Amino acid sequence: MAKRVKIPIKNEAEIRKMRIAGEAASEALQATAKYVVPGRTTAEVDAYAAELIKEREGIATFLGYRDFPGSICISINEEVVHGIGSARRIQPGDLVSIDIGVTKDGWIGDNAVTVPVGPITAEARKLLAATEQSLFEAIDFAREGVRLADLCGSVEAYVKLHGFSVVRKLVGHGVGRQLHEKPEVPNFRPMERTPVLKAGMILAIEPMVNAGVGEVDWLDDGWTVVTADRKPSAHFEHTVLVTEGDPELLTWRPRTALPEQLGVTL
């Protein structure tokens, strides 16, 4: 029998605070995404994001978390997640994944986006479009009464239709006062029985999708995760409130990789 998982359910006062944290995280992410241009170093992008978070009277959630050295995660091309800002310069054609967490009044908003830098390949455009759409496929399941496995399974089912792979060694998660709360939210259907979602649960849903194989490696810095075949990866994330009706995006932002915007037919 699968172990029962106790998933935090937020009350109205807590949800209001999560909305504030989510809005700050979204604003910081959107502004940072616009700052990503050829020639800038990833350290410069990290510093810029740190200042945006400070301007919003927030705390960079990731800085110091398990000794992580950056204010944000910034990962390029084959780097899936957890990249650390450095002297590396962003180049035309890069795919730059930015993951930003903001803590306000003890509550956390967590979100991510992959930014295309200048002209990118047709395959890269398809990867971005499929990854972002897979996030929204999953978000549509964030409703009371839905089993978590159905939400998780929707991501892999969608990206496989388009020839891509999900990363299985990394998962989404609940979020609230802690960055990682129960439950784990994988991007594939778990084998074990999963809980039924209830209104007030808040999930960080984050497809990590690879152009090639789903396997990954860790670099020597102990943080940066890269694709095993070194093909590109994409990462999109929202903090989502489960409700009795339509899910609520606490990190709402305009969609950035709509298929028609990227010239892609899915």
# chains A, B, ... in the order shown; residues from 1 in each chain; ligands from 1
>>> residues_around(residues="Arg40 (chain A)", least_positions_apart="3", cutoff="12 Å", atoms="only C-alpha atoms", output="count of residues only")
21
>>> select_by_dssp(residues="region 18-259 of chain A", states="helix (DSSP H, G or I)", output="ChimeraX atom specification")
/A:18-35,42-55,65-67,122-139,148-161
>>> select_by_dssp(residues="region 98-175 of chain A", states="strand (DSSP E or B)", output="list in words")
Ile98, Asp99, Ile100, Gly101, Val102, Thr103, Lys104, Trp107, Ile108, Gly109, Asp110, Asn111, Ala112, Val113, Thr114, Val115, Pro116, Arg143, Arg147, Ser165, Val166, Gly172, His173 and Gly174 of chain A
>>> residues_around(residues="Val166 (chain A)", least_positions_apart="5", cutoff="6 Å", atoms="only C-alpha atoms", output="VMD selection string")
chain A and resid 208 to 209 214
>>> write_last_selection(atoms="N, CA and C atoms", output="CSV table (one decimal), in the first residue's frame")
chain,number,residue,atom,x,y,z
A,208,MET,N,10.1,19.8,-17.6
A,208,MET,CA,11.5,19.9,-18.0
A,208,MET,C,11.5,18.9,-19.2
A,209,VAL,N,11.7,19.4,-20.4
A,209,VAL,CA,11.5,18.6,-21.6
A,209,VAL,C,12.8,18.7,-22.4
A,214,GLY,N,15.6,11.5,-22.3
A,214,GLY,CA,15.2,12.1,-21.0
A,214,GLY,C,16.2,12.0,-19.9
>>> decode(residues="region 173-223 of chain A", atoms="C-alpha atoms", output="compact mmCIF listing (two decimals), in the first residue's frame")
# COMPACT_ATOMS: atom_id res chain seq x y z
CA HIS A 173 6.41 20.09 -6.05
CA GLY A 174 4.03 21.66 -3.64
CA VAL A 175 5.02 25.17 -2.55
CA GLY A 176 4.07 27.55 0.24
CA ARG A 177 6.11 28.53 3.26
CA GLN A 178 8.69 26.03 2.06
CA LEU A 179 10.11 25.88 -1.44
CA HIS A 180 9.56 22.13 -1.64
CA GLU A 181 6.42 20.84 0.03
CA LYS A 182 4.36 17.73 -0.58
CA PRO A 183 3.40 16.40 -3.04
CA GLU A 184 6.04 15.66 -5.63
CA VAL A 185 4.69 16.55 -9.09
CA PRO A 186 6.52 14.48 -11.72
CA ASN A 187 6.06 15.09 -15.43
CA PHE A 188 5.01 11.50 -16.05
CA ARG A 189 2.34 9.22 -14.62
CA PRO A 190 3.61 7.68 -11.37
CA MET A 191 3.28 3.94 -10.92
CA GLU A 192 2.04 4.25 -7.34
CA ARG A 193 -1.39 5.49 -6.31
CA THR A 194 -1.48 9.27 -6.01
CA PRO A 195 -3.71 11.58 -3.94
CA VAL A 196 -6.85 13.31 -5.14
CA LEU A 197 -6.40 17.08 -5.43
CA LYS A 198 -8.33 19.39 -3.11
CA ALA A 199 -9.08 23.10 -3.30
CA GLY A 200 -6.40 25.09 -1.49
CA MET A 201 -3.50 22.92 -2.57
CA ILE A 202 -0.76 24.90 -4.34
CA LEU A 203 1.55 23.22 -6.82
CA ALA A 204 4.68 24.29 -8.68
CA ILE A 205 4.11 22.52 -11.98
CA GLU A 206 7.27 22.54 -14.09
CA PRO A 207 7.77 20.49 -17.24
CA MET A 208 11.45 19.90 -18.03
CA VAL A 209 11.52 18.61 -21.58
CA ASN A 210 14.48 17.41 -23.64
CA ALA A 211 14.87 17.42 -27.40
CA GLY A 212 16.58 14.03 -27.19
CA VAL A 213 16.70 11.44 -24.42
CA GLY A 214 15.21 12.10 -21.00
CA GLU A 215 18.32 11.05 -19.09
CA VAL A 216 20.44 13.72 -17.41
CA ASP A 217 23.86 14.23 -15.83
CA TRP A 218 25.12 16.58 -13.11
CA LEU A 219 28.13 18.80 -13.76
CA ASP A 220 31.06 19.03 -11.37
CA ASP A 221 29.60 22.13 -9.67
CA GLY A 222 27.09 19.75 -8.06
CA TRP A 223 24.12 21.78 -9.27
